[in-house]
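K.L.:
Contents of data.tsv (TSV, C-alpha atoms) are below:
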```
chain	number	residue	atom	x	y	z
A	1	SER	CA	106.26	159.40	33.83
A	2	ALA	CA	103.61	157.14	32.35
A	3	VAL	CA	100.18	156.92	33.98
A	4	ILE	CA	99.06	153.31	34.25
A	5	SER	CA	95.60	152.02	35.06
A	6	GLN	CA	94.37	148.48	35.72
A	7	LYS	CA	91.00	146.82	35.69
A	8	PRO	CA	89.57	145.33	37.80
A	9	SER	CA	91.04	146.75	40.99
A	10	ARG	CA	89.96	143.68	42.90
A	11	ASP	CA	87.97	140.50	42.38
A	12	ILE	CA	86.84	137.43	44.23
A	13	CYS	CA	86.74	134.34	42.04
A	14	GLN	CA	85.80	130.71	42.34
A	15	ARG	CA	88.30	127.91	42.01
A	16	GLY	CA	88.68	126.66	38.44
A	17	THR	CA	87.60	129.87	36.74
A	18	SER	CA	89.75	132.41	34.86
A	19	LEU	CA	90.19	136.15	35.26
A	20	THR	CA	91.57	138.61	32.74
A	21	ILE	CA	93.28	141.73	34.04
A	22	GLN	CA	93.64	144.75	31.79
A	23	CYS	CA	96.47	147.28	31.87
A	24	GLN	CA	96.28	150.60	30.04
A	25	VAL	CA	99.11	153.14	29.71
A	26	ASP	CA	98.45	156.74	28.78
A	27	SER	CA	101.31	156.84	26.28
A	28	GLN	CA	103.19	154.46	24.03
A	29	VAL	CA	105.81	152.50	25.93
A	30	THR	CA	108.46	150.11	24.77
A	31	MET	CA	108.21	147.55	27.53
A	32	MET	CA	105.36	146.26	29.69
A	33	PHE	CA	105.62	143.73	32.48
A	34	TRP	CA	103.41	141.70	34.80
A	35	TYR	CA	104.33	141.07	38.43
A	36	ARG	CA	102.82	139.13	41.29
A	37	GLN	CA	103.09	140.33	44.87
A	38	GLN	CA	102.06	138.04	47.70
A	39	PRO	CA	101.03	139.78	50.94
A	40	GLY	CA	104.08	141.14	52.73
A	41	GLN	CA	106.41	139.96	49.98
A	42	SER	CA	108.51	141.47	47.24
A	43	LEU	CA	107.67	141.76	43.57
A	44	THR	CA	108.01	138.64	41.44
A	45	LEU	CA	108.19	139.09	37.68
A	46	ILE	CA	105.78	136.83	35.80
A	47	ALA	CA	106.59	137.86	32.25
A	48	THR	CA	107.53	140.60	29.84
A	49	ALA	CA	104.67	141.45	27.49
A	50	ASN	CA	106.07	141.85	23.99
A	51	GLN	CA	104.15	143.84	21.43
A	52	GLY	CA	103.29	141.70	18.44
A	53	SER	CA	104.89	138.51	19.73
A	54	GLU	CA	104.62	135.96	22.50
A	55	ALA	CA	105.39	137.06	26.03
A	56	THR	CA	108.68	136.12	27.67
A	57	TYR	CA	108.00	134.15	30.86
A	58	GLU	CA	110.19	133.89	33.94
A	59	SER	CA	111.11	130.60	35.50
A	60	GLY	CA	108.13	129.05	37.23
A	61	PHE	CA	105.50	130.77	35.10
A	62	VAL	CA	103.98	129.24	31.97
A	63	ILE	CA	101.83	130.52	29.15
A	64	ASP	CA	99.03	128.03	29.73
A	65	LYS	CA	98.52	129.35	33.25
A	66	PHE	CA	99.19	133.04	32.58
A	67	PRO	CA	98.42	133.88	28.95
A	68	ILE	CA	99.37	137.45	28.09
A	69	SER	CA	98.39	139.66	25.21
A	70	ARG	CA	99.89	142.94	24.04
A	71	PRO	CA	98.10	144.08	20.90
A	72	ASN	CA	99.66	147.57	20.84
A	73	LEU	CA	102.12	149.88	22.62
A	74	THR	CA	99.64	151.07	25.29
A	75	PHE	CA	97.67	148.00	26.35
A	76	SER	CA	98.21	144.51	27.76
A	77	THR	CA	96.17	141.80	29.43
A	78	LEU	CA	97.09	139.03	31.83
A	79	THR	CA	94.78	136.05	32.30
A	80	VAL	CA	95.03	133.89	35.39
A	81	SER	CA	93.65	130.54	34.24
A	82	ASN	CA	92.09	127.64	36.10
A	83	MET	CA	92.54	129.47	39.37
A	84	SER	CA	93.25	127.91	42.74
A	85	PRO	CA	93.50	129.58	46.18
A	86	GLU	CA	97.29	129.69	45.72
A	87	ASP	CA	96.75	132.27	42.95
A	88	SER	CA	95.35	134.73	45.48
A	89	SER	CA	97.70	137.68	45.24
A	90	ILE	CA	98.13	141.21	43.95
A	91	TYR	CA	98.92	141.39	40.25
A	92	LEU	CA	100.72	144.51	39.04
A	93	CYS	CA	101.52	145.68	35.58
A	94	SER	CA	104.38	148.04	34.91
A	95	ALA	CA	105.87	149.87	31.99
A	96	ASN	CA	108.95	151.71	30.93
A	97	GLY	CA	110.33	153.26	27.82
A	98	GLN	CA	108.35	156.22	26.69
A	99	GLY	CA	110.04	157.02	23.42
A	100	GLY	CA	112.48	154.13	23.70
A	101	PRO	CA	113.85	151.60	26.20
A	102	ARG	CA	114.61	153.18	29.56
A	103	ASP	CA	115.48	152.09	33.05
A	104	GLU	CA	112.74	153.88	34.97
A	105	GLN	CA	109.79	151.59	35.57
A	106	PHE	CA	106.33	152.69	36.66
A	107	PHE	CA	103.58	150.58	38.15
A	108	GLY	CA	99.84	150.30	37.85
A	109	PRO	CA	97.69	150.31	41.00
A	110	GLY	CA	97.42	146.53	41.08
A	111	THR	CA	94.60	144.00	41.01
A	112	ARG	CA	93.86	142.23	44.28
A	113	LEU	CA	92.69	138.71	43.47
A	114	THR	CA	91.09	136.37	45.99
A	115	VAL	CA	90.33	132.80	44.92
A	116	LEU	CA	87.89	130.81	47.03
B	1	GLY	CA	121.61	136.31	37.39
B	2	GLU	CA	121.50	139.30	39.69
B	3	ASN	CA	120.86	138.80	43.40
B	4	VAL	CA	119.84	141.72	45.63
B	5	GLU	CA	119.93	141.47	49.40
B	6	GLN	CA	118.17	144.11	51.52
B	7	HIS	CA	118.47	144.87	55.23
B	8	PRO	CA	116.86	145.32	57.64
B	9	SER	CA	113.50	143.73	56.95
B	10	THR	CA	111.87	145.99	59.55
B	11	LEU	CA	113.03	149.38	60.81
B	12	SER	CA	111.32	151.32	63.58
B	13	VAL	CA	112.33	154.93	64.30
B	14	GLN	CA	111.03	157.95	66.15
B	15	GLU	CA	109.80	160.92	64.17
B	16	GLY	CA	112.72	163.21	63.39
B	17	ASP	CA	115.32	160.43	63.46
B	18	SER	CA	117.22	159.27	60.40
B	19	ALA	CA	116.64	155.92	58.72
B	20	VAL	CA	119.09	153.92	56.63
B	21	ILE	CA	118.28	150.92	54.46
B	22	LYS	CA	121.09	148.93	52.89
B	23	CYS	CA	121.24	146.71	49.83
B	24	THR	CA	123.94	144.61	48.21
B	25	TYR	CA	124.02	143.25	44.69
B	26	SER	CA	125.98	140.51	43.00
B	27	ASP	CA	126.32	141.49	39.33
B	28	SER	CA	129.20	143.93	38.90
B	29	ALA	CA	127.72	144.93	35.52
B	30	SER	CA	124.57	146.35	37.16
B	31	ASN	CA	124.31	150.01	36.30
B	32	TYR	CA	120.98	151.33	37.57
B	33	PHE	CA	119.68	151.26	41.13
B	34	PRO	CA	116.14	152.48	41.84
B	35	TRP	CA	114.32	152.72	45.15
B	36	TYR	CA	110.57	152.27	45.42
B	37	LYS	CA	108.20	153.24	48.22
B	38	GLN	CA	105.01	151.24	48.63
B	39	GLU	CA	102.38	152.46	51.05
B	40	LEU	CA	99.83	150.00	52.32
B	41	GLY	CA	97.42	149.03	49.54
B	42	LYS	CA	99.12	151.27	47.00
B	43	ARG	CA	101.39	150.78	44.01
B	44	PRO	CA	105.20	150.90	44.29
B	45	GLN	CA	106.39	154.41	43.45
B	46	LEU	CA	109.86	155.32	42.26
B	47	ILE	CA	111.28	157.80	44.79
B	48	ILE	CA	114.93	158.07	43.82
B	49	ASP	CA	117.45	156.28	41.66
B	50	ILE	CA	121.18	156.31	41.02
B	51	ARG	CA	123.33	155.22	38.13
B	52	SER	CA	126.69	153.53	38.32
B	53	ASN	CA	128.63	156.62	37.27
B	54	VAL	CA	127.46	158.56	40.35
B	55	GLY	CA	128.37	157.99	44.00
B	56	GLU	CA	125.60	159.93	45.70
B	57	LYS	CA	122.31	161.60	44.85
B	58	LYS	CA	120.03	163.71	47.02
B	59	ASP	CA	116.43	164.84	46.77
B	60	GLN	CA	115.30	166.88	49.75
B	61	ARG	CA	115.19	164.51	52.74
B	62	ILE	CA	116.20	161.39	50.87
B	63	ALA	CA	119.59	160.42	49.51
B	64	VAL	CA	121.09	157.34	47.95
B	65	THR	CA	124.75	156.32	48.01
B	66	LEU	CA	126.46	153.75	45.82
B	67	ASN	CA	129.73	151.92	46.43
B	68	LYS	CA	130.53	150.03	43.23
B	69	THR	CA	133.65	148.42	44.64
B	70	ALA	CA	131.77	146.88	47.53
B	71	LYS	CA	128.61	146.41	45.44
B	72	HIS	CA	126.31	148.00	47.91
B	73	PHE	CA	123.95	150.95	47.92
B	74	SER	CA	121.92	152.61	50.64
B	75	LEU	CA	118.87	154.80	51.10
B	76	HIS	CA	119.07	157.54	53.70
B	77	ILE	CA	115.99	159.37	54.98
B	78	THR	CA	116.58	162.30	57.30
B	79	GLU	CA	114.09	163.99	59.63
B	80	THR	CA	111.64	161.12	59.23
B	81	GLN	CA	107.93	161.84	59.38
B	82	PRO	CA	104.97	159.48	60.00
B	83	GLU	CA	104.08	159.69	56.30
B	84	ASP	CA	107.43	158.08	55.51
B	85	SER	CA	106.01	154.86	56.99
B	86	ALA	CA	105.88	152.34	54.13
B	87	VAL	CA	107.69	149.40	52.61
B	88	TYR	CA	110.81	150.38	50.68
B	89	PHE	CA	112.25	148.20	47.94
B	90	CYS	CA	115.70	148.53	46.45
B	91	ALA	CA	116.44	147.13	43.01
B	92	ALA	CA	119.28	146.69	40.59
B	93	ASN	CA	119.19	146.49	36.80
B	94	PRO	CA	121.78	144.04	35.50
B	95	GLY	CA	123.99	145.47	32.78
B	96	GLY	CA	122.15	145.65	29.47
B	97	SER	CA	118.77	144.82	31.03
B	98	TYR	CA	115.79	147.07	31.63
B	99	ILE	CA	114.31	144.59	34.09
B	100	PRO	CA	115.12	145.22	37.76
B	101	THR	CA	115.85	142.60	40.36
B	102	PHE	CA	114.11	143.63	43.59
B	103	GLY	CA	115.20	143.26	47.19
B	104	ARG	CA	112.83	141.71	49.73
B	105	GLY	CA	111.73	145.07	51.10
B	106	THR	CA	112.08	147.00	54.35
B	107	SER	CA	109.06	147.94	56.40
B	108	LEU	CA	109.79	151.40	57.85
B	109	ILE	CA	107.67	152.49	60.78
B	110	VAL	CA	107.98	156.09	61.97
B	111	HIS	CA	106.47	156.64	65.39
B	112	PRO	CA	105.04	160.11	66.10
```
Could you rewrite the structure in this file as structure tokens?
P.N.:
Amino acid sequence: SAVISQKPSRDICQRGTSLTIQCQVDSQVTMMFWYRQQPGQSLTLIATANQGSEATYESGFVIDKFPISRPNLTFSTLTVSNMSPEDSSIYLCSANGQGGPRDEQFFGPGTRLTVL
Amino acid sequence: GENVEQHPSTLSVQEGDSAVIKCTYSDSASNYFPWYKQELGKRPQLIIDIRSNVGEKKDQRIAVTLNKTAKHFSLHITETQPEDSAVYFCAANPGGSYIPTFGRGTSLIVHP
């Protein structure tokens, strides 16, 4: 299984600012994803990070609010822009597909974001 | 799209008892069904999965069953231990997709 790390692990931010979260995988993977998890809730997919092209966003999430980069097969970033308290959540990256697309998905440790 | 329902939302058992969590899915083309365990403050971890060509799979104290006709699958934990306490998520991958649809989660509490 892939080993996934995220930075920062947590942050407290002011309203109106932006935060970029980094996700690093220890091996090349085909697919990377970004999720949001509100306290006590399930996992909500924000977008699929596509290497070399624009991310694919799920309904309710837009590029202006959550710009995503994926410059190579091991790294991705998610920016939460113009933050409001409603953006307070845990943001998780995940990956699958070592050596090709696969079903098994593995998660990073998450970034706990608090917006004041 | 796929819709996954999970029950119960909370399950409380005594140590040593068995625990069963049930999920249903809507897309008959779904072919991969993973289960994740998320301890408090930790990442979701894949604990067991089953594919549509298999009816049951076991790994020590945990097992998963799949009924394709009824479109439901279940997680069974035997001889529960306090360290089994966590939130468990079921998921289903729609046919042709590598992106799972998650259930709402079940909070399992195992009392010593």
K.L.:
Let me make sure I understand: among B:Val110, B:Val64, B:Ala70, B:Leu46, which one has the smallest atom-to-atom distance to chain A if we use all atoms listed in the file?
P.N.:
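Checking each candidate against chain A, we get B:Leu46 as the closest.
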K.L.:
For chain B, which residues have at least one atom within 10 Å of chain A, if we go by all atoms listed in the file? Write them as a ChimeraX atom specification, please.
P.N.:
/B:31-34,36,40-46,49,51,87-89,93,96-107
K.L.:
Taking all atoms listed in the file into account, name the residue in A:Pro71, A:Cys13, A:Ser59, A:Asp26 that is nearest to Asp87 of chain A.
P.N.:
A:Cys13
K.L.:
Just the number, please: distance in Å from atom CA of Gln22 of chain A to atom CA of Lys7 of chain A, one decimal.
P.N.:
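Pair atom CA of Gln22 of chain A / atom CA of Lys7 of chain A returns 5.1 Å.
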K.L.:
Identify, on the basis of only C-alpha atoms, every residue whose closest approach to Asp27 of chain B does not exceed 10 Å; exclude the query and any residue fewer than 5 positions from it along the same chain; express the result as a PyMOL selection string.
P.N.:
chain B and resi 1-4+71+92-95
K.L.:
Could you work out how far atom CA of Leu66 of chain B lies from atom CA of Pro82 of chain B, giving the answer in Å with one decimal?
P.N.:
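Taking atom CA of Pro82 of chain B as the start and atom CA of Leu66 of chain B as the end point, the length is 26.4 Å.
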K.L.:
Suppose you want the space between atom CA of Glu79 of chain B and atom CA of Ala63 of chain B; what is it in Å?
P.N.:
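Pair atom CA of Glu79 of chain B / atom CA of Ala63 of chain B returns 12.1 Å.
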K.L.:
Which residues come within 6 Å of Tyr91 of chain A, counting all atoms listed in the file, excluding same-chain residues fewer than 5 positions away, as a list in words?
P.N.:
Tyr35, Arg36, Gly110 and Thr111 of chain A
K.L.:
Between B:Thr78, B:Gln60, B:Asn53, B:Ser28, which residue has the minimum interatomic distance to Glu15 of chain B, considering only C-alpha atoms?
P.N.:
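Nearest candidate to Glu15 of chain B out of B:Thr78, B:Gln60, B:Asn53, B:Ser28: B:Thr78.
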K.L.:
Calculated over all atoms listed in the file, which of the candidates A:Gln28, A:Val115, A:Ser84, A:Ala95 has the smallest distance to Asn72 of chain A?
P.N.:
A:Gln28
K.L.:
When you look at segment 49-54 of chain A with a cut-off of 9 Å (counting all atoms listed in the file), what residues show up, excluding the ones that are within fewer than 3 positions of it in the same chain? I need them as a list in words.
P.N.:
Thr30, Met31, Met32, Phe33, Trp34, Tyr57, Ile68, Ser69, Arg70, Pro71, Asn72, Leu73, Ser76 and Thr77 of chain A
K.L.:
Within 6 Å of Ala86 of chain B, counting only C-alpha atoms, which residues show up once you throw out same-chain ones fewer than 4 positions away? Write them as a list in words, please.
P.N.:
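Near Ala86 of chain B, the qualifying residues are Gln38, Glu39, Ser107 and Leu108 of chain B.
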K.L.:
So, with all atoms listed in the file as the atoms that count, which of B:Val20, B:Leu75, B:Val13, B:Ser52 lies closest to Ile109 of chain B?
P.N.:
B:Val13
K.L.:
Taking only C-alpha atoms into account, which of A:Gln37, A:Ile46, A:Thr74, A:Glu58 comes nearest Ile4 of chain A?
P.N.:
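Using only C-alpha atoms, Ile4 of chain A sits closest to A:Thr74.
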K.L.:
Report as an mmCIF file with C-alpha atoms, in the frame of the given file all protein, DNA and RNA residues lying within 9 Å of Thr65 of chain B, evaluated on all atoms listed in the file, omitting residues in the same chain fewer than 3 positions from it.
P.N.:
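Saved the output as selection-v8.cif:
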```
data_model
loop_
_atom_site.group_PDB
_atom_site.id
_atom_site.type_symbol
_atom_site.label_atom_id
_atom_site.label_comp_id
_atom_site.auth_asym_id
_atom_site.auth_seq_id
_atom_site.Cartn_x
_atom_site.Cartn_y
_atom_site.Cartn_z
ATOM 1 C CA ILE B 50 121.180 156.310 41.020
ATOM 2 C CA VAL B 54 127.460 158.560 40.350
ATOM 3 C CA GLY B 55 128.370 157.990 44.000
ATOM 4 C CA GLU B 56 125.600 159.930 45.700
ATOM 5 C CA LYS B 57 122.310 161.600 44.850
ATOM 6 C CA LYS B 58 120.030 163.710 47.020
ATOM 7 C CA HIS B 72 126.310 148.000 47.910
ATOM 8 C CA PHE B 73 123.950 150.950 47.920
ATOM 9 C CA SER B 74 121.920 152.610 50.640
ATOM 10 C CA LEU B 75 118.870 154.800 51.100
ATOM 11 C CA HIS B 76 119.070 157.540 53.700
#
```
